[in-house]
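Student: The structure is given below, and queries will be raised subsequently.
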Amino acid sequence: MGTMWSAAIEDAMLKVKTNMMKYEGLFPHITENQRYEWGVNEDWIEGFYTGMMWLSYEYGGDTYFKAYAESQLANYKNRMDQHISLDHHDIGFLYSLSAIAQWRVTGSREARELGLQAAKRLVERWRPQIGVIQAWGVEGDPENGGRIIIDCLLNLPLLYWAYEQTGDPHYYEVAHAHALMSRRYLVRGDGSSYHTFYFDQQSGNALRGGTHQGYQDGSTWTRGQSWGVYGFALSYRYTKDERFLETSKQLARYFIDHLPEDHIAYWDFDAPITVDTPRDSSASAITACGLIELLAIIGEEDADYSYFKDALQKTMESLVRDYSTMKMPDAEGLLQHGSYHVRGNRGPDDYMIWGDYYYMEALIRMEKGLHTYW
Ligand code: GLY
């Protein structure tokens, strides 16, 4: 078993390094026809690329990865100082896998400072009248001012970390309160989830669930579900609030129970299935990371342990065997058949840089048990 994972990791590291050399100074964005578009640091996804460099360095010790990732810190700092495309909650994704990963691996004070600056910026998105972190846009934005999305759960570790570092309880309280509101309004009784939820900006009243990238309002968008599986497990790790553990498990059971035969999810659990329906391998990779986290928390005595472990094994075997680019030496991406925004026809069936990142995180945690950067 170890051999299968380690061969996949070696292949992944080689591809990341090849991209770094070929596209020096640039970041991968959306894909078109199995090629990443390479550009500057102004989207929500750049951290995944930097995170893969830190994973590669920690796994194999190649200092090329470390030096390159460190050299990007100034770029992330400039983005923060100039406030370049940061009117969104994805500050957590961006800075957890760059500044905080660097601080965790090297102890860099500069990286820690930038991480704290990022947390400060994220916590400014707290809307006390509703009790949530606003996902997108500026305060008072007519469409998005009272809107949350389930993806935000992966941005909360930045705030929990800032609390640990500074002792300022506001970071913890905001993250904990947002996770509770997400649990209450985004998760449904059967363990499925809304992608997004709207609140009235003035009164704070709950309005309705909806979607952005899912099949339709009320459907369970697969990647949203996977953000929930991993995100609630992480909130449990930092808070020890049992409600988050239960919710993560509930979402994981729903995810696993609705998988097709090869254990890799279609892009939305409510989309009609035909031979042309795209998968979202990235969602399965994120859920795999969530299952690894859950297994470490619950231990072998838990009634769900074998069920989750079996699902993790089958998912990772399927990803490595049938979705990875191990047999495609010239491929830029690591994982085929991810989907970004199927209805919007943006990367409906291609490499996703976060799919590549979580695939690598899962492989490396399974092989070496390395900690996560979240
Ligand atoms: N957080 C955006 C996405 O998952 O597509």
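In the structure tokens, chains take letters A, B, ... by order of appearance, with residues numbered from 1 within each chain and ligands from 1 in the order shown.
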For the structure I just gave you, how does DSSP split segment 57-240 of chain A - specifically, which residues are helix (DSSP H, G or I)? Reply as a ChimeraX atom specification.

Tutor: /A:57-60,63-71,73-82,91-106,109-123,150-154,156-166,169-186,222-239

Student: Fewer than 5 positions away in the same chain doesn't count, so skip those; otherwise give me all residues within 7 Å of Ser192 of chain A, counting only C-alpha atoms, as number ranges by chain.

Tutor: A: 187, 220, 251, 254

Student: Identify, on the basis of only C-alpha atoms, every residue whose closest approach to Ile30 of chain A does not exceed 9 Å; exclude the query and any residue fewer than 3 positions from it along the same chain; express the result as a list in words.

Tutor: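 My reading of the contact set: Arg35, Tyr36, Glu37, Trp38, Tyr340, Arg346, Gly347, Asp350, Tyr351, Met352 and Ile353 of chain A.
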
Student: Could you pull the residues within 12 Å of Gly214 of chain A, counting only C-alpha atoms, minus those fewer than 5 positions along the same chain, as a PyMOL selection string?

Tutor: chain A and resi 149+193-196+209+219-225+266-271+280+339-344+348

Student: Output N, CA and C atoms for every residue in that selection, as a PDB file, in the first residue's frame.

Tutor:
```pdb
ATOM      1  N   ILE A 149     -21.239  31.241   2.627  1.00  0.00           N
ATOM      2  CA  ILE A 149     -21.119  30.022   1.819  1.00  0.00           C
ATOM      3  C   ILE A 149     -20.337  28.976   2.610  1.00  0.00           C
ATOM      4  N   SER A 193     -26.430  19.538   2.196  1.00  0.00           N
ATOM      5  CA  SER A 193     -26.112  20.937   2.532  1.00  0.00           C
ATOM      6  C   SER A 193     -26.515  21.907   1.428  1.00  0.00           C
ATOM      7  N   TYR A 194     -26.802  23.125   1.859  1.00  0.00           N
ATOM      8  CA  TYR A 194     -26.898  24.245   0.919  1.00  0.00           C
ATOM      9  C   TYR A 194     -25.485  24.721   0.637  1.00  0.00           C
ATOM     10  N   HIS A 195     -25.274  25.231  -0.575  1.00  0.00           N
ATOM     11  CA  HIS A 195     -23.985  25.869  -0.846  1.00  0.00           C
ATOM     12  C   HIS A 195     -23.928  27.219  -0.140  1.00  0.00           C
ATOM     13  N   THR A 196     -24.993  27.993  -0.276  1.00  0.00           N
ATOM     14  CA  THR A 196     -24.971  29.341   0.300  1.00  0.00           C
ATOM     15  C   THR A 196     -26.267  29.617   1.059  1.00  0.00           C
ATOM     16  N   GLY A 209     -31.918  29.473   1.587  1.00  0.00           N
ATOM     17  CA  GLY A 209     -30.736  28.804   1.071  1.00  0.00           C
ATOM     18  C   GLY A 209     -30.673  28.981  -0.438  1.00  0.00           C
ATOM     19  N   SER A 219     -29.995  22.140  -4.223  1.00  0.00           N
ATOM     20  CA  SER A 219     -29.280  20.893  -4.499  1.00  0.00           C
ATOM     21  C   SER A 219     -28.026  20.836  -3.619  1.00  0.00           C
ATOM     22  N   THR A 220     -27.474  19.647  -3.505  1.00  0.00           N
ATOM     23  CA  THR A 220     -26.251  19.501  -2.705  1.00  0.00           C
ATOM     24  C   THR A 220     -25.054  19.494  -3.644  1.00  0.00           C
ATOM     25  N   TRP A 221     -24.400  20.638  -3.700  1.00  0.00           N
ATOM     26  CA  TRP A 221     -23.202  20.786  -4.546  1.00  0.00           C
ATOM     27  C   TRP A 221     -22.077  19.986  -3.881  1.00  0.00           C
ATOM     28  N   THR A 222     -21.521  19.098  -4.672  1.00  0.00           N
ATOM     29  CA  THR A 222     -20.586  18.123  -4.101  1.00  0.00           C
ATOM     30  C   THR A 222     -19.400  18.764  -3.383  1.00  0.00           C
ATOM     31  N   ARG A 223     -18.801  19.803  -4.005  1.00  0.00           N
ATOM     32  CA  ARG A 223     -17.618  20.373  -3.347  1.00  0.00           C
ATOM     33  C   ARG A 223     -18.004  21.118  -2.072  1.00  0.00           C
ATOM     34  N   GLY A 224     -19.186  21.738  -2.097  1.00  0.00           N
ATOM     35  CA  GLY A 224     -19.644  22.376  -0.871  1.00  0.00           C
ATOM     36  C   GLY A 224     -19.731  21.357   0.261  1.00  0.00           C
ATOM     37  N   GLN A 225     -20.277  20.176  -0.065  1.00  0.00           N
ATOM     38  CA  GLN A 225     -20.395  19.121   0.951  1.00  0.00           C
ATOM     39  C   GLN A 225     -19.000  18.735   1.466  1.00  0.00           C
ATOM     40  N   TYR A 266     -19.915  12.659  -8.502  1.00  0.00           N
ATOM     41  CA  TYR A 266     -20.348  13.561  -9.575  1.00  0.00           C
ATOM     42  C   TYR A 266     -20.347  14.980  -9.013  1.00  0.00           C
ATOM     43  N   TRP A 267     -20.472  15.974  -9.878  1.00  0.00           N
ATOM     44  CA  TRP A 267     -20.259  17.367  -9.454  1.00  0.00           C
ATOM     45  C   TRP A 267     -21.347  17.899  -8.529  1.00  0.00           C
ATOM     46  N   ASP A 268     -22.546  17.310  -8.586  1.00  0.00           N
ATOM     47  CA  ASP A 268     -23.612  17.731  -7.673  1.00  0.00           C
ATOM     48  C   ASP A 268     -24.415  16.476  -7.362  1.00  0.00           C
ATOM     49  N   PHE A 269     -24.752  16.271  -6.099  1.00  0.00           N
ATOM     50  CA  PHE A 269     -25.438  15.029  -5.726  1.00  0.00           C
ATOM     51  C   PHE A 269     -26.857  14.967  -6.280  1.00  0.00           C
ATOM     52  N   ASP A 270     -27.394  16.093  -6.756  1.00  0.00           N
ATOM     53  CA  ASP A 270     -28.748  16.103  -7.310  1.00  0.00           C
ATOM     54  C   ASP A 270     -28.769  16.279  -8.823  1.00  0.00           C
ATOM     55  N   ALA A 271     -27.617  16.346  -9.451  1.00  0.00           N
ATOM     56  CA  ALA A 271     -27.590  16.486 -10.914  1.00  0.00           C
ATOM     57  C   ALA A 271     -28.030  15.168 -11.547  1.00  0.00           C
ATOM     58  N   ASP A 280     -16.496  15.459  -9.914  1.00  0.00           N
ATOM     59  CA  ASP A 280     -15.612  16.465  -9.311  1.00  0.00           C
ATOM     60  C   ASP A 280     -14.602  15.735  -8.438  1.00  0.00           C
ATOM     61  N   SER A 339     -14.176  19.656 -11.345  1.00  0.00           N
ATOM     62  CA  SER A 339     -15.070  20.641 -11.981  1.00  0.00           C
ATOM     63  C   SER A 339     -15.079  21.898 -11.132  1.00  0.00           C
ATOM     64  N   TYR A 340     -15.004  23.034 -11.792  1.00  0.00           N
ATOM     65  CA  TYR A 340     -15.027  24.318 -11.080  1.00  0.00           C
ATOM     66  C   TYR A 340     -16.456  24.838 -11.032  1.00  0.00           C
ATOM     67  N   HIS A 341     -17.010  25.139 -12.196  1.00  0.00           N
ATOM     68  CA  HIS A 341     -18.340  25.741 -12.253  1.00  0.00           C
ATOM     69  C   HIS A 341     -19.028  25.187 -13.503  1.00  0.00           C
ATOM     70  N   VAL A 342     -19.697  24.064 -13.333  1.00  0.00           N
ATOM     71  CA  VAL A 342     -20.232  23.332 -14.490  1.00  0.00           C
ATOM     72  C   VAL A 342     -21.276  24.172 -15.230  1.00  0.00           C
ATOM     73  N   ARG A 343     -22.223  24.742 -14.500  1.00  0.00           N
ATOM     74  CA  ARG A 343     -23.282  25.531 -15.170  1.00  0.00           C
ATOM     75  C   ARG A 343     -22.695  26.749 -15.868  1.00  0.00           C
ATOM     76  N   GLY A 344     -21.670  27.338 -15.277  1.00  0.00           N
ATOM     77  CA  GLY A 344     -21.036  28.517 -15.867  1.00  0.00           C
ATOM     78  C   GLY A 344     -20.016  28.166 -16.940  1.00  0.00           C
ATOM     79  N   PRO A 348     -15.346  22.869 -16.526  1.00  0.00           N
ATOM     80  CA  PRO A 348     -16.355  21.880 -16.131  1.00  0.00           C
ATOM     81  C   PRO A 348     -15.796  20.472 -15.933  1.00  0.00           C
TER      82      PRO A 348
END
```

Student: Show me, as an NGL selection string, the residues that have an atom within 12 Å of Ala288 of chain A when counting only C-alpha atoms, minus same-chain residues fewer than 6 positions from it.

Tutor: :A and (223 or 226-227 or 229-230 or 252 or 255-256 or 263-265 or 281-282 or 294-295 or 308-319 or 355 or 357-366)

Student: Using only C-alpha atoms, which of A:Asp168, A:Glu113, A:Asp217, A:Asp90 sits nearest Ala135 of chain A?

Tutor: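 Residue with the minimum atom-to-atom distance to Ala135 of chain A: A:Asp90.
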
Student: With a distance cut-off of 12 Å and only C-alpha atoms, select the neighbouring residues of segment 73-85 of chain A, excluding the residue or stretch itself and same-chain residues fewer than 5 positions from it, and output the selection as a short mmCIF file (atom, residue, chain, number, x, y, z; two decimals) with C-alpha atoms, in the first residue's frame.

Tutor:
```cif
data_model
loop_
_atom_site.label_atom_id
_atom_site.label_comp_id
_atom_site.auth_asym_id
_atom_site.auth_seq_id
_atom_site.Cartn_x
_atom_site.Cartn_y
_atom_site.Cartn_z
CA GLY A 25 7.03 33.70 -11.04
CA LEU A 26 3.50 32.83 -12.19
CA PHE A 27 0.56 31.12 -10.51
CA VAL A 40 -0.42 36.84 -11.25
CA ASN A 41 -1.54 36.50 -7.64
CA GLU A 42 -5.07 37.90 -7.70
CA ASP A 43 -7.50 34.99 -7.48
CA TRP A 44 -8.64 32.89 -4.48
CA ILE A 45 -6.54 29.86 -5.37
CA GLU A 46 -2.86 30.80 -5.40
CA GLY A 47 -2.23 29.39 -1.93
CA THR A 50 2.40 27.42 -2.66
CA GLY A 51 0.99 24.80 -0.30
CA LYS A 66 11.40 25.71 0.16
CA ALA A 67 13.41 28.51 -1.46
CA TYR A 68 10.76 29.08 -4.13
CA ASP A 90 -10.80 33.38 0.83
CA ILE A 91 -8.05 35.25 2.65
CA LEU A 94 -4.64 32.14 0.51
CA TYR A 95 -2.68 32.82 3.67
CA SER A 96 -3.06 29.47 5.48
CA LEU A 97 -1.15 27.69 2.75
CA SER A 98 1.44 30.41 2.19
CA ALA A 99 2.29 32.47 5.29
CA ILE A 100 1.07 30.03 7.94
CA ALA A 101 2.47 26.98 6.18
CA GLN A 102 5.83 28.78 6.02
CA TRP A 103 5.63 29.70 9.69
CA SER A 108 9.64 32.50 10.14
CA ARG A 109 8.61 35.60 12.13
CA GLU A 110 7.91 37.48 8.92
CA ALA A 111 5.51 34.77 7.78
CA ARG A 112 3.82 34.78 11.19
CA GLU A 113 3.33 38.55 10.98
CA LEU A 114 1.76 38.23 7.56
CA GLY A 115 -0.51 35.45 8.82
CA LEU A 116 -1.68 37.74 11.64
CA GLN A 117 -2.24 40.59 9.19
CA ALA A 118 -4.38 38.22 7.10
CA ALA A 119 -6.41 37.13 10.12
CA LYS A 120 -7.05 40.76 11.02
CA ARG A 121 -8.33 41.41 7.52
CA LEU A 122 -10.56 38.33 7.57
CA TRP A 136 -18.13 37.92 -0.91
CA GLY A 137 -18.02 41.63 -1.72
CA VAL A 138 -17.78 44.75 0.41
#
```

Student: In Å, how far is it from atom CA of Phe197 of chain A to atom CA of Tyr185 of chain A?

Tutor: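 It comes out at 6.9 Å.
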
Student: Identify which of the residues A:Asp322, A:Glu124, A:Glu367, A:Glu301 lies closest to Met4 of chain A, counting only C-alpha atoms when measuring atom-to-atom distances.

Tutor: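 Between A:Asp322, A:Glu124, A:Glu367, A:Glu301, the residue approaching Met4 of chain A most closely is A:Glu367.
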
Student: List the spatial neighbours of segment 202-207 of chain A as an mmCIF file with N, CA and C atoms, in the first residue's frame - criterion: any atom at most 10 Å away, only C-alpha atoms, same-chain residues fewer than 6 positions off excluded.

Tutor:
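around-v3.cif, written as the output of this step:
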```
data_model
loop_
_atom_site.group_PDB
_atom_site.id
_atom_site.type_symbol
_atom_site.label_atom_id
_atom_site.label_comp_id
_atom_site.auth_asym_id
_atom_site.auth_seq_id
_atom_site.Cartn_x
_atom_site.Cartn_y
_atom_site.Cartn_z
ATOM 1 N N ARG A 127 -19.986 40.200 10.541
ATOM 2 C CA ARG A 127 -21.187 41.045 10.530
ATOM 3 C C ARG A 127 -21.996 40.729 11.783
ATOM 4 N N PRO A 128 -21.807 41.534 12.844
ATOM 5 C CA PRO A 128 -22.402 41.189 14.142
ATOM 6 C C PRO A 128 -23.927 41.168 14.124
ATOM 7 N N GLN A 129 -24.518 41.993 13.241
ATOM 8 C CA GLN A 129 -25.983 42.016 13.213
ATOM 9 C C GLN A 129 -26.569 40.684 12.747
ATOM 10 N N ILE A 130 -25.762 39.897 12.017
ATOM 11 C CA ILE A 130 -26.220 38.561 11.586
ATOM 12 C C ILE A 130 -25.521 37.479 12.408
ATOM 13 N N GLY A 131 -24.272 37.709 12.731
ATOM 14 C CA GLY A 131 -23.491 36.709 13.475
ATOM 15 C C GLY A 131 -22.718 35.794 12.542
ATOM 16 N N VAL A 132 -22.271 36.348 11.389
ATOM 17 C CA VAL A 132 -21.543 35.534 10.405
ATOM 18 C C VAL A 132 -20.403 36.346 9.788
ATOM 19 N N GLY A 140 -22.284 45.743 2.979
ATOM 20 C CA GLY A 140 -23.458 46.410 2.419
ATOM 21 C C GLY A 140 -23.733 46.068 0.971
ATOM 22 N N GLY A 145 -24.152 41.071 0.632
ATOM 23 C CA GLY A 145 -23.867 41.622 1.958
ATOM 24 C C GLY A 145 -24.307 40.733 3.112
ATOM 25 N N GLY A 146 -25.342 39.939 2.914
ATOM 26 C CA GLY A 146 -25.829 39.075 3.997
ATOM 27 C C GLY A 146 -25.694 37.609 3.647
ATOM 28 N N ARG A 147 -24.648 37.279 2.901
ATOM 29 C CA ARG A 147 -24.565 35.907 2.370
ATOM 30 C C ARG A 147 -23.373 35.143 2.937
ATOM 31 N N TYR A 185 -27.671 26.771 9.453
ATOM 32 C CA TYR A 185 -28.383 27.187 8.245
ATOM 33 C C TYR A 185 -27.934 26.490 6.966
#
```

Student: How close does segment 91-185 of chain A get to segment 233-247 of chain A? List, as JSON lines, each residue of segment 91-185 of chain A within 12 Å, its nearest atom pair and the distance in Å to one decimal, counting only C-alpha atoms.

Tutor:
```
{"residue": "A:Cys152", "atom": "CA", "partner": "A:Ser235", "partner_atom": "CA", "distance": 11.3}
{"residue": "A:Leu153", "atom": "CA", "partner": "A:Ser235", "partner_atom": "CA", "distance": 7.7}
{"residue": "A:Leu154", "atom": "CA", "partner": "A:Leu234", "partner_atom": "CA", "distance": 7.9}
{"residue": "A:Asn155", "atom": "CA", "partner": "A:Leu234", "partner_atom": "CA", "distance": 10.2}
{"residue": "A:Leu156", "atom": "CA", "partner": "A:Ser235", "partner_atom": "CA", "distance": 7.5}
{"residue": "A:Pro157", "atom": "CA", "partner": "A:Leu234", "partner_atom": "CA", "distance": 7.1}
{"residue": "A:Leu158", "atom": "CA", "partner": "A:Tyr238", "partner_atom": "CA", "distance": 10.8}
{"residue": "A:Leu159", "atom": "CA", "partner": "A:Tyr238", "partner_atom": "CA", "distance": 10.1}
{"residue": "A:Tyr160", "atom": "CA", "partner": "A:Tyr238", "partner_atom": "CA", "distance": 6.6}
{"residue": "A:Trp161", "atom": "CA", "partner": "A:Tyr238", "partner_atom": "CA", "distance": 8.5}
{"residue": "A:Ala162", "atom": "CA", "partner": "A:Tyr238", "partner_atom": "CA", "distance": 11.5}
{"residue": "A:Tyr163", "atom": "CA", "partner": "A:Tyr238", "partner_atom": "CA", "distance": 10.1}
{"residue": "A:Glu164", "atom": "CA", "partner": "A:Tyr238", "partner_atom": "CA", "distance": 9.4}
{"residue": "A:Tyr171", "atom": "CA", "partner": "A:Tyr238", "partner_atom": "CA", "distance": 11.9}
{"residue": "A:Tyr172", "atom": "CA", "partner": "A:Thr239", "partner_atom": "CA", "distance": 8.5}
{"residue": "A:Glu173", "atom": "CA", "partner": "A:Thr239", "partner_atom": "CA", "distance": 10.1}
{"residue": "A:Val174", "atom": "CA", "partner": "A:Ser235", "partner_atom": "CA", "distance": 11.9}
{"residue": "A:Ala175", "atom": "CA", "partner": "A:Ser235", "partner_atom": "CA", "distance": 8.2}
{"residue": "A:His176", "atom": "CA", "partner": "A:Ser235", "partner_atom": "CA", "distance": 7.5}
{"residue": "A:Ala177", "atom": "CA", "partner": "A:Ser235", "partner_atom": "CA", "distance": 10.7}
{"residue": "A:His178", "atom": "CA", "partner": "A:Ser235", "partner_atom": "CA", "distance": 10.2}
{"residue": "A:Ala179", "atom": "CA", "partner": "A:Ser235", "partner_atom": "CA", "distance": 7.3}
{"residue": "A:Leu180", "atom": "CA", "partner": "A:Phe244", "partner_atom": "CA", "distance": 8.0}
{"residue": "A:Met181", "atom": "CA", "partner": "A:Phe244", "partner_atom": "CA", "distance": 11.2}
{"residue": "A:Ser182", "atom": "CA", "partner": "A:Phe244", "partner_atom": "CA", "distance": 10.2}
{"residue": "A:Arg183", "atom": "CA", "partner": "A:Thr247", "partner_atom": "CA", "distance": 7.2}
{"residue": "A:Arg184", "atom": "CA", "partner": "A:Thr247", "partner_atom": "CA", "distance": 10.0}
```

Student: From the set A:Gly369, A:Gly228, A:Pro142, A:Gly290, which residue has the shortest atom-to-atom contact distance to ligand 1, counting only C-alpha atoms and all ligand atoms?

Tutor: A:Gly228

Student: DSSP says strand (DSSP E) for which residues of segment 111-288 of chain A? Put them as an NGL selection string?

Tutor: :A and (126-127 or 132-133 or 147-149 or 196-199 or 206-210)

Student: Just to confirm, what's the straight-line distance from atom CA of Gln72 of chain A to atom CA of Val16 of chain A in Å (one decimal)?

Tutor: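 Separation of atom CA of Gln72 of chain A and atom CA of Val16 of chain A: 15.1 Å.
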
Student: Have a look at A:Ala303, A:Leu334, A:Leu55, A:Ile286 and name the one nearest to ligand 1; count only C-alpha atoms and all ligand atoms.

Tutor: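 Looking only at the distances to ligand 1, the closest residue turns out to be A:Ile286.
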
Student: Name the closest residue to ligand 1 among the candidates A:Lys327, A:His371, A:His89, A:His258; distances are taken between atoms, counting only C-alpha atoms and all ligand atoms.

Tutor: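 Closest to ligand 1 of all the choices is A:His89.
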
Student: For atom CA of Gly210 of chain A and atom 5 (O, counted along the ligand's line) of ligand 1, quote the distance in Å rounded to one decimal.

Tutor: 14.9 Å
